[in-house]
Amino acid sequence: MRYQFGGTPADFVVAPGQQVQVGPDTLGATAVLIPGARLWVWDPDTGDRLTDLMDHRGEPVAEITADSSGAVPRFRAPDEVKRVLVGQAPDTSSGDAGEHSRHLLASTDWPADVTKLNTRITALENTTGGDDGGGDYVATAHPMMWHMGGPLESRRSPHPYHNLEGRNQTIIVLRAQATITEGTIGVRVVLLDPDTRGGAVAASVTITPEEPWALIRPQVEVSDGTGVTVEVDVPEEAEAEDLTVQVTIR
């Protein structure tokens, strides 16, 4: 999913203007909006420049241009990028090849993501288990939540839980829910060997358009030092989005 940035009342290109006296011994500067400023976008973690962008019309662009009032227009970053750094591009025509300051922008889509996640968590917490679907479970130790927004694809969570309790633990609940329009989605709990980093499937569920949520109580032992993560298998013919997985470890 390409997340959206810019286009809010706070998104303007601002530069210091004329100096003004703001105190007996202090000089300040007026704020000047910069229309038509060329803006580059970078990954905040790696520092790499991002050029796979889309403007507000959905057209591919390598950089963003402020509008006639200096506002940063709406744009979309590469897939799954939720934070970016934005700064003015170097003006090589004037001999200014130096770097300008970069400022962090968070995606404006995050409120919708939070709403979807809260909805999924509420649905999972209200899901009942047992042979007849009755009875609630209350997590007591380490609930591990994983949410994938937008269209689903096969992948493994890059954020495992590691058992560092100095004793064996047990996976007691696996819950999964998604919006599925076609096909069958597989969700698996994977144990990660602390030495080889190899993975072994410990428990799994499948969800379908007819049964878009599932809950099992696998009672799988997690030895001291072992990692636990989750992965989703989405066949090519399947269509699904907005997956939430909860694994409870005690």
# chains A, B, ... in the order shown; residues from 1 in each chain; ligands from 1
>>> residues_around(residues="A:Val41", least_positions_apart="2", cutoff="6 Å", atoms="only C-alpha atoms", output="number ranges by chain")
A: 49-50, 85-86
>>> write_last_selection(atoms="C-alpha atoms", output="PDB file, in the first residue's frame")
ATOM      1  CA  ARG A  49      16.675   9.171  -1.452  1.00  0.00           C
ATOM      2  CA  LEU A  50      13.226   7.933  -2.512  1.00  0.00           C
ATOM      3  CA  LEU A  85      12.213  12.962   5.385  1.00  0.00           C
ATOM      4  CA  VAL A  86      11.512  15.938   3.120  1.00  0.00           C
TER       5      VAL A  86
END
>>> select_by_dssp(residues="stretch 1-40 of chain A", states="strand (DSSP E or B)", output="PyMOL selection string")
chain A and resi 2-5+12+14-23+26-33+38-40
>>> residues_around(residues="A:Asp79", least_positions_apart="6", cutoff="8 Å", atoms="only C-alpha atoms", output="ChimeraX atom specification")
/A:1-3
>>> write_last_selection(atoms="N, CA, C and O atoms", output="PDB file, in the first residue's frame")
ATOM      1  N   MET A   1       0.842  -1.191   0.000  1.00  0.00           N
ATOM      2  CA  MET A   1       0.000   0.000   0.000  1.00  0.00           C
ATOM      3  C   MET A   1       0.879   1.243   0.000  1.00  0.00           C
ATOM      4  O   MET A   1       1.838   1.349   0.758  1.00  0.00           O
ATOM      5  N   ARG A   2       0.556   2.194  -0.860  1.00  0.00           N
ATOM      6  CA  ARG A   2       1.271   3.470  -0.889  1.00  0.00           C
ATOM      7  C   ARG A   2       0.570   4.457   0.045  1.00  0.00           C
ATOM      8  O   ARG A   2      -0.581   4.820  -0.183  1.00  0.00           O
ATOM      9  N   TYR A   3       1.277   4.888   1.066  1.00  0.00           N
ATOM     10  CA  TYR A   3       0.691   5.808   2.032  1.00  0.00           C
ATOM     11  C   TYR A   3       0.833   7.251   1.552  1.00  0.00           C
ATOM     12  O   TYR A   3       1.759   7.603   0.829  1.00  0.00           O
TER      13      TYR A   3
END
>>> atom_distance(atom1="atom CA of A:Leu105", atom2="atom CA of A:Ala15")
17.4 Å
>>> atom_distance(atom1="atom CA of A:Thr244", atom2="atom CA of A:Pro212")
10.9 Å
>>> closest_residue(among="A:Thr8, A:Thr248, A:Thr30, A:Gln169", to="A:Trp146", atoms="only C-alpha atoms")
A:Thr248
>>> closest_residue(among="A:Ser69, A:Arg156, A:Val190, A:Asp242", to="A:Ala112", atoms="only C-alpha atoms")
A:Asp242
>>> closest_residue(among="A:Gly199, A:Pro151, A:Pro90, A:Pro160", to="A:Ala238", atoms="only C-alpha atoms")
A:Pro151
>>> atom_distance(atom1="atom CA of A:Val14", atom2="atom CA of A:Trp42")
18.7 Å
>>> residues_around(residues="A:Lys82", least_positions_apart="5", cutoff="10 Å", atoms="only C-alpha atoms", output="ChimeraX atom specification")
/A:1-5,43,76-77,105-110
>>> write_last_selection(atoms="N, CA, C and O atoms", output="short mmCIF file (atom, residue, chain, number, x, y, z; two decimals), in the first residue's frame")
data_model
loop_
_atom_site.label_atom_id
_atom_site.label_comp_id
_atom_site.auth_asym_id
_atom_site.auth_seq_id
_atom_site.Cartn_x
_atom_site.Cartn_y
_atom_site.Cartn_z
N MET A 1 0.84 -1.19 0.00
CA MET A 1 0.00 0.00 0.00
C MET A 1 0.88 1.24 0.00
O MET A 1 1.84 1.35 0.76
N ARG A 2 0.56 2.19 -0.86
CA ARG A 2 1.27 3.47 -0.89
C ARG A 2 0.57 4.46 0.05
O ARG A 2 -0.58 4.82 -0.18
N TYR A 3 1.28 4.89 1.07
CA TYR A 3 0.69 5.81 2.03
C TYR A 3 0.83 7.25 1.55
O TYR A 3 1.76 7.60 0.83
N GLN A 4 -0.11 8.08 2.00
CA GLN A 4 -0.20 9.46 1.53
C GLN A 4 0.47 10.42 2.51
O GLN A 4 0.43 10.22 3.73
N PHE A 5 1.08 11.47 1.97
CA PHE A 5 1.75 12.50 2.76
C PHE A 5 1.35 13.87 2.24
O PHE A 5 0.89 14.02 1.11
N ASP A 43 14.42 8.19 2.83
CA ASP A 43 14.06 7.20 3.85
C ASP A 43 14.68 7.64 5.18
O ASP A 43 15.90 7.84 5.25
N ARG A 76 2.29 10.35 -2.63
CA ARG A 76 2.39 9.01 -2.05
C ARG A 76 3.83 8.51 -2.18
O ARG A 76 4.48 8.70 -3.21
N ALA A 77 4.29 7.86 -1.12
CA ALA A 77 5.63 7.29 -1.07
C ALA A 77 5.60 5.86 -1.61
O ALA A 77 4.54 5.33 -1.95
N LEU A 105 8.11 13.74 7.98
CA LEU A 105 6.68 13.74 7.73
C LEU A 105 6.14 12.34 8.01
O LEU A 105 6.72 11.35 7.58
N ALA A 106 5.03 12.29 8.73
CA ALA A 106 4.33 11.02 8.95
C ALA A 106 3.14 10.95 8.00
O ALA A 106 2.54 11.98 7.65
N SER A 107 2.81 9.76 7.58
CA SER A 107 1.70 9.58 6.64
C SER A 107 0.40 10.13 7.23
O SER A 107 0.11 9.96 8.41
N THR A 108 -0.38 10.78 6.38
CA THR A 108 -1.69 11.26 6.82
C THR A 108 -2.73 10.14 6.85
O THR A 108 -3.87 10.37 7.25
N ASP A 109 -2.33 8.93 6.44
CA ASP A 109 -3.25 7.79 6.48
C ASP A 109 -3.28 7.10 7.84
O ASP A 109 -4.07 6.18 8.04
N TRP A 110 -2.40 7.51 8.78
CA TRP A 110 -2.30 6.75 10.02
C TRP A 110 -3.59 6.73 10.84
O TRP A 110 -3.88 5.72 11.48
#
>>> closest_residue(among="A:Arg74, A:Thr181, A:Val228, A:Ala10", to="A:Gly58", atoms="only C-alpha atoms")
A:Arg74
